[in-house]
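K.L.:
Can you keep this structure in mind? I'll have questions shortly.
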Amino acid sequence: MTEEDPDVVITWTQGDTTVRWSGPAGTVEKSYELPPQGVMAWREYDKTMVLVVEALDTTPSSPTDNAVVYWADGSERFRLHPPNDLVWNPNSVEGFYDAFPQDGRPLMIMATRAGDFHGRIDLETGEIVDTNIWR
């Protein structure tokens with residue numbers, strides 16, 4: 001079962017460096033050096049999660065794990081990594097560009113120097129699965 005979570009209220013506007021959310025587990029605040037690309041909450045299998053896609057750094061050799069899934073109480077569930085096999089050269093993978101709700105779940109958008117891809121989060125492993133070309 002997947003659905004948007006009406007019990008978690010996110011307070012964040014594009015360009016803000018602080019993300020806040022509140023719900024039954026309390027109020028959480030996360031601050032970032034650069035504004036996140038996107039934020040969303042959803043509920044799946046009776047668990048509420050919040051996704052923050054941090055700013056994308058496209059400089060060579062920068063980390064590509066710029067998205068994190070939190071539990072509603074603010075504890076980190078897992079940091080996401082784009083699959084290394086998206087393109088022939090794993091060094092061409094830049095990270096996550098954004099996420100959009102689709103069927104109540106985040107559709108993760110990944111940027112590479114060879115084009116963009118999308119995929120889903122496997123909530124058991126934290127891996128990105130079902131990847132396809134985005135555009």
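Ordered as shown in the structure tokens, chains take letters A, B, and onward, while each chain numbers its residues from 1 and ligands are numbered from 1 in the order shown.
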Find the residues near Phe117 in chain A: any atom within 9 Å, counting only C-alpha atoms, skip ones fewer than 4 places away on the same chain, and give them as an NGL selection string.
P.N.:
:A and (86 or 108-112 or 131-135)
K.L.:
Let's have the selection written as a PDB file, in the first residue's frame, with N, CA and C atoms.
P.N.:
```pdb
ATOM      1  N   LEU A  86      24.250   2.582 -14.979  1.00  0.00           N
ATOM      2  CA  LEU A  86      23.345   3.369 -15.821  1.00  0.00           C
ATOM      3  C   LEU A  86      23.972   3.668 -17.185  1.00  0.00           C
ATOM      4  N   MET A 108      12.536   8.725  -8.777  1.00  0.00           N
ATOM      5  CA  MET A 108      13.841   9.351  -8.626  1.00  0.00           C
ATOM      6  C   MET A 108      14.415   9.684 -10.004  1.00  0.00           C
ATOM      7  N   ILE A 109      14.881  10.921 -10.161  1.00  0.00           N
ATOM      8  CA  ILE A 109      15.496  11.353 -11.410  1.00  0.00           C
ATOM      9  C   ILE A 109      17.004  11.448 -11.186  1.00  0.00           C
ATOM     10  N   MET A 110      17.767  10.719 -12.021  1.00  0.00           N
ATOM     11  CA  MET A 110      19.217  10.660 -11.882  1.00  0.00           C
ATOM     12  C   MET A 110      19.873  11.313 -13.087  1.00  0.00           C
ATOM     13  N   ALA A 111      20.900  12.111 -12.836  1.00  0.00           N
ATOM     14  CA  ALA A 111      21.609  12.810 -13.899  1.00  0.00           C
ATOM     15  C   ALA A 111      22.931  12.116 -14.190  1.00  0.00           C
ATOM     16  N   THR A 112      23.229  11.992 -15.475  1.00  0.00           N
ATOM     17  CA  THR A 112      24.535  11.496 -15.909  1.00  0.00           C
ATOM     18  C   THR A 112      25.020  12.414 -17.027  1.00  0.00           C
ATOM     19  N   THR A 131      15.093   1.091 -13.513  1.00  0.00           N
ATOM     20  CA  THR A 131      15.622   2.292 -14.150  1.00  0.00           C
ATOM     21  C   THR A 131      15.341   2.296 -15.648  1.00  0.00           C
ATOM     22  N   ASN A 132      15.077   3.483 -16.164  1.00  0.00           N
ATOM     23  CA  ASN A 132      14.832   3.709 -17.584  1.00  0.00           C
ATOM     24  C   ASN A 132      15.324   5.094 -17.950  1.00  0.00           C
ATOM     25  N   ILE A 133      15.473   5.343 -19.244  1.00  0.00           N
ATOM     26  CA  ILE A 133      15.853   6.678 -19.719  1.00  0.00           C
ATOM     27  C   ILE A 133      14.723   7.634 -19.397  1.00  0.00           C
ATOM     28  N   TRP A 134      15.056   8.796 -18.873  1.00  0.00           N
ATOM     29  CA  TRP A 134      14.051   9.780 -18.433  1.00  0.00           C
ATOM     30  C   TRP A 134      13.472  10.545 -19.611  1.00  0.00           C
ATOM     31  N   ARG A 135      14.301  11.010 -20.519  1.00  0.00           N
ATOM     32  CA  ARG A 135      13.774  11.810 -21.635  1.00  0.00           C
ATOM     33  C   ARG A 135      14.121  11.196 -22.940  1.00  0.00           C
TER      34      ARG A 135
END
```
K.L.:
Considering only C-alpha atoms, can you say which of A:Val50, A:Ala55, A:Ile128, A:Met40 comes closest to Gly15 in chain A?
P.N.:
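Under the stated criterion, the closest residue is A:Ala55.
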K.L.:
How many Å lie between CA of Phe78 in chain A and CA of Ser31 in chain A, rounded to one decimal?
P.N.:
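It comes out at 17.4 Å.
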K.L.:
Do you know which residues are at most 6 Å from range 65-77 of chain A counting only C-alpha atoms, after dropping those on the same chain fewer than 6 positions away, and could you put them as a list of chain:residue names?
P.N.:
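After dropping sequence-adjacent residues, the list is A:Ala25, A:Val28, A:Thr48, A:Met49, A:Val50, A:Leu51, A:Val52, A:Val53, A:Glu54.
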K.L.:
Grab the residues selected above and save them as a PDB file, in the first residue's frame with all heavy atoms.
P.N.:
```
ATOM      1  N   ALA A  25       4.977  11.906  14.975  1.00  0.00           N
ATOM      2  CA  ALA A  25       6.271  11.616  15.614  1.00  0.00           C
ATOM      3  C   ALA A  25       6.945  12.878  16.143  1.00  0.00           C
ATOM      4  O   ALA A  25       8.019  12.793  16.740  1.00  0.00           O
ATOM      5  CB  ALA A  25       7.191  10.914  14.620  1.00  0.00           C
ATOM      6  N   VAL A  28      10.482  17.908  13.060  1.00  0.00           N
ATOM      7  CA  VAL A  28      11.858  17.632  12.639  1.00  0.00           C
ATOM      8  C   VAL A  28      12.344  18.819  11.826  1.00  0.00           C
ATOM      9  O   VAL A  28      11.582  19.396  11.044  1.00  0.00           O
ATOM     10  CB  VAL A  28      11.916  16.344  11.786  1.00  0.00           C
ATOM     11  CG1 VAL A  28      13.320  16.104  11.265  1.00  0.00           C
ATOM     12  CG2 VAL A  28      11.417  15.158  12.586  1.00  0.00           C
ATOM     13  N   THR A  48       5.732   5.937   7.492  1.00  0.00           N
ATOM     14  CA  THR A  48       5.873   7.244   6.863  1.00  0.00           C
ATOM     15  C   THR A  48       7.345   7.544   6.646  1.00  0.00           C
ATOM     16  O   THR A  48       8.168   7.332   7.536  1.00  0.00           O
ATOM     17  CB  THR A  48       5.252   8.340   7.747  1.00  0.00           C
ATOM     18  OG1 THR A  48       3.853   8.060   7.881  1.00  0.00           O
ATOM     19  CG2 THR A  48       5.434   9.708   7.144  1.00  0.00           C
ATOM     20  N   MET A  49       7.664   8.015   5.442  1.00  0.00           N
ATOM     21  CA  MET A  49       9.034   8.366   5.084  1.00  0.00           C
ATOM     22  C   MET A  49       9.066   9.739   4.449  1.00  0.00           C
ATOM     23  O   MET A  49       8.078  10.185   3.851  1.00  0.00           O
ATOM     24  CB  MET A  49       9.604   7.329   4.124  1.00  0.00           C
ATOM     25  CG  MET A  49       9.861   5.996   4.802  1.00  0.00           C
ATOM     26  SD  MET A  49       9.931   4.620   3.654  1.00  0.00           S
ATOM     27  CE  MET A  49       8.209   4.205   3.514  1.00  0.00           C
ATOM     28  N   VAL A  50      10.197  10.409   4.589  1.00  0.00           N
ATOM     29  CA  VAL A  50      10.422  11.715   3.988  1.00  0.00           C
ATOM     30  C   VAL A  50      11.686  11.612   3.150  1.00  0.00           C
ATOM     31  O   VAL A  50      12.716  11.126   3.626  1.00  0.00           O
ATOM     32  CB  VAL A  50      10.574  12.821   5.061  1.00  0.00           C
ATOM     33  CG1 VAL A  50      10.908  14.153   4.413  1.00  0.00           C
ATOM     34  CG2 VAL A  50       9.305  12.932   5.897  1.00  0.00           C
ATOM     35  N   LEU A  51      11.602  12.054   1.917  1.00  0.00           N
ATOM     36  CA  LEU A  51      12.736  12.045   1.000  1.00  0.00           C
ATOM     37  C   LEU A  51      13.239  13.469   0.822  1.00  0.00           C
ATOM     38  O   LEU A  51      12.445  14.380   0.570  1.00  0.00           O
ATOM     39  CB  LEU A  51      12.313  11.490  -0.361  1.00  0.00           C
ATOM     40  CG  LEU A  51      13.316  11.663  -1.496  1.00  0.00           C
ATOM     41  CD1 LEU A  51      14.532  10.762  -1.289  1.00  0.00           C
ATOM     42  CD2 LEU A  51      12.660  11.384  -2.837  1.00  0.00           C
ATOM     43  N   VAL A  52      14.544  13.656   0.953  1.00  0.00           N
ATOM     44  CA  VAL A  52      15.173  14.935   0.656  1.00  0.00           C
ATOM     45  C   VAL A  52      16.222  14.686  -0.421  1.00  0.00           C
ATOM     46  O   VAL A  52      17.129  13.881  -0.234  1.00  0.00           O
ATOM     47  CB  VAL A  52      15.831  15.568   1.901  1.00  0.00           C
ATOM     48  CG1 VAL A  52      16.541  16.868   1.539  1.00  0.00           C
ATOM     49  CG2 VAL A  52      14.799  15.825   2.997  1.00  0.00           C
ATOM     50  N   VAL A  53      16.049  15.346  -1.564  1.00  0.00           N
ATOM     51  CA  VAL A  53      17.056  15.305  -2.622  1.00  0.00           C
ATOM     52  C   VAL A  53      17.914  16.555  -2.430  1.00  0.00           C
ATOM     53  O   VAL A  53      17.457  17.671  -2.646  1.00  0.00           O
ATOM     54  CB  VAL A  53      16.425  15.286  -4.027  1.00  0.00           C
ATOM     55  CG1 VAL A  53      17.513  15.267  -5.101  1.00  0.00           C
ATOM     56  CG2 VAL A  53      15.505  14.086  -4.177  1.00  0.00           C
ATOM     57  N   GLU A  54      19.139  16.325  -1.974  1.00  0.00           N
ATOM     58  CA  GLU A  54      20.049  17.430  -1.692  1.00  0.00           C
ATOM     59  C   GLU A  54      20.562  18.034  -2.997  1.00  0.00           C
ATOM     60  O   GLU A  54      20.371  17.468  -4.076  1.00  0.00           O
ATOM     61  CB  GLU A  54      21.214  16.925  -0.843  1.00  0.00           C
ATOM     62  CG  GLU A  54      20.757  16.338   0.471  1.00  0.00           C
ATOM     63  CD  GLU A  54      21.821  15.549   1.202  1.00  0.00           C
ATOM     64  OE1 GLU A  54      22.893  15.271   0.611  1.00  0.00           O
ATOM     65  OE2 GLU A  54      21.585  15.200   2.364  1.00  0.00           O
TER      66      GLU A  54
END
```
K.L.:
Taking the DSSP secondary structure from the backbone, can you list the residues of chain A that are strand (DSSP E), as a ChimeraX atom specification?
P.N.:
/A:2-3,9-11,18-23,26-31,38-44,47-53,67-71,76-80,93-102,105-112,115-121,128-133
K.L.:
If we count only C-alpha atoms, what is near Thr64 in chain A at a cut-off of 12 Å, once residues fewer than 2 positions away on the same chain are taken out, given as an mmCIF file with N, CA and C atoms, in the first residue's frame?
P.N.:
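Result went into part30.cif, see below:
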```cif
data_model
loop_
_atom_site.group_PDB
_atom_site.id
_atom_site.type_symbol
_atom_site.label_atom_id
_atom_site.label_comp_id
_atom_site.auth_asym_id
_atom_site.auth_seq_id
_atom_site.Cartn_x
_atom_site.Cartn_y
_atom_site.Cartn_z
ATOM 1 N N VAL A 53 16.049 15.346 -1.564
ATOM 2 C CA VAL A 53 17.056 15.305 -2.622
ATOM 3 C C VAL A 53 17.914 16.555 -2.430
ATOM 4 N N GLU A 54 19.139 16.325 -1.974
ATOM 5 C CA GLU A 54 20.049 17.430 -1.692
ATOM 6 C C GLU A 54 20.562 18.034 -2.997
ATOM 7 N N ALA A 55 21.223 19.189 -2.898
ATOM 8 C CA ALA A 55 21.760 19.870 -4.076
ATOM 9 C C ALA A 55 22.680 18.929 -4.848
ATOM 10 N N LEU A 56 22.601 18.996 -6.161
ATOM 11 C CA LEU A 56 23.410 18.163 -7.044
ATOM 12 C C LEU A 56 24.733 18.866 -7.327
ATOM 13 N N ASP A 57 25.829 18.165 -7.083
ATOM 14 C CA ASP A 57 27.164 18.686 -7.360
ATOM 15 C C ASP A 57 27.700 17.940 -8.576
ATOM 16 N N THR A 58 27.870 18.635 -9.689
ATOM 17 C CA THR A 58 28.279 17.979 -10.930
ATOM 18 C C THR A 58 29.783 18.055 -11.177
ATOM 19 N N THR A 59 30.556 18.523 -10.214
ATOM 20 C CA THR A 59 31.999 18.538 -10.420
ATOM 21 C C THR A 59 32.514 17.098 -10.419
ATOM 22 N N PRO A 60 33.552 16.825 -11.250
ATOM 23 C CA PRO A 60 34.075 15.455 -11.327
ATOM 24 C C PRO A 60 34.495 14.920 -9.956
ATOM 25 N N SER A 61 34.244 13.647 -9.749
ATOM 26 C CA SER A 61 34.601 12.917 -8.521
ATOM 27 C C SER A 61 33.844 13.377 -7.284
ATOM 28 N N SER A 62 32.754 14.122 -7.452
ATOM 29 C CA SER A 62 31.949 14.501 -6.280
ATOM 30 C C SER A 62 31.033 13.333 -5.917
ATOM 31 N N ASN A 66 23.361 12.046 -3.122
ATOM 32 C CA ASN A 66 22.759 13.286 -2.645
ATOM 33 C C ASN A 66 21.251 13.183 -2.392
ATOM 34 N N ALA A 67 20.763 12.013 -2.039
ATOM 35 C CA ALA A 67 19.350 11.850 -1.666
ATOM 36 C C ALA A 67 19.291 10.948 -0.444
ATOM 37 N N VAL A 68 18.409 11.301 0.491
ATOM 38 C CA VAL A 68 18.312 10.533 1.725
ATOM 39 C C VAL A 68 16.845 10.332 2.087
ATOM 40 N N ARG A 79 20.738 6.415 2.816
ATOM 41 C CA ARG A 79 21.208 7.366 1.816
ATOM 42 C C ARG A 79 21.211 6.627 0.485
ATOM 43 N N LEU A 80 20.676 7.272 -0.541
ATOM 44 C CA LEU A 80 20.509 6.619 -1.832
ATOM 45 C C LEU A 80 21.716 6.840 -2.737
ATOM 46 N N HIS A 81 22.033 5.821 -3.522
ATOM 47 C CA HIS A 81 23.128 5.858 -4.500
ATOM 48 C C HIS A 81 22.557 5.474 -5.856
ATOM 49 N N PRO A 82 22.811 6.264 -6.904
ATOM 50 C CA PRO A 82 22.373 5.832 -8.231
ATOM 51 C C PRO A 82 23.116 4.561 -8.632
ATOM 52 N N PRO A 83 22.498 3.699 -9.413
ATOM 53 C CA PRO A 83 23.206 2.492 -9.876
ATOM 54 C C PRO A 83 24.428 2.881 -10.713
ATOM 55 N N ASN A 84 25.504 2.146 -10.546
ATOM 56 C CA ASN A 84 26.723 2.418 -11.307
ATOM 57 C C ASN A 84 26.629 1.962 -12.753
ATOM 58 N N PRO A 90 30.986 4.536 -15.148
ATOM 59 C CA PRO A 90 30.379 4.885 -13.858
ATOM 60 C C PRO A 90 30.752 6.283 -13.368
ATOM 61 N N ASN A 91 31.885 6.821 -13.824
ATOM 62 C CA ASN A 91 32.279 8.178 -13.434
ATOM 63 C C ASN A 91 31.398 9.242 -14.079
ATOM 64 N N SER A 92 30.572 8.854 -15.033
ATOM 65 C CA SER A 92 29.665 9.794 -15.691
ATOM 66 C C SER A 92 28.365 9.998 -14.918
ATOM 67 N N VAL A 93 28.143 9.215 -13.865
ATOM 68 C CA VAL A 93 26.938 9.361 -13.040
ATOM 69 C C VAL A 93 27.153 10.533 -12.074
ATOM 70 N N GLU A 94 26.260 11.521 -12.119
ATOM 71 C CA GLU A 94 26.421 12.723 -11.308
ATOM 72 C C GLU A 94 25.627 12.700 -10.009
ATOM 73 N N GLY A 95 24.503 12.007 -9.968
ATOM 74 C CA GLY A 95 23.690 11.948 -8.757
ATOM 75 C C GLY A 95 22.221 12.136 -9.066
ATOM 76 N N PHE A 96 21.468 12.491 -8.032
ATOM 77 C CA PHE A 96 20.017 12.675 -8.170
ATOM 78 C C PHE A 96 19.705 14.122 -8.483
ATOM 79 N N TYR A 97 18.846 14.308 -9.464
ATOM 80 C CA TYR A 97 18.451 15.649 -9.874
ATOM 81 C C TYR A 97 17.188 16.102 -9.142
ATOM 82 N N MET A 110 17.767 10.719 -12.021
ATOM 83 C CA MET A 110 19.217 10.660 -11.882
ATOM 84 C C MET A 110 19.873 11.313 -13.087
ATOM 85 N N ALA A 111 20.900 12.111 -12.836
ATOM 86 C CA ALA A 111 21.609 12.810 -13.899
ATOM 87 C C ALA A 111 22.931 12.116 -14.190
ATOM 88 N N THR A 112 23.229 11.992 -15.475
ATOM 89 C CA THR A 112 24.535 11.496 -15.909
ATOM 90 C C THR A 112 25.020 12.414 -17.027
#
```
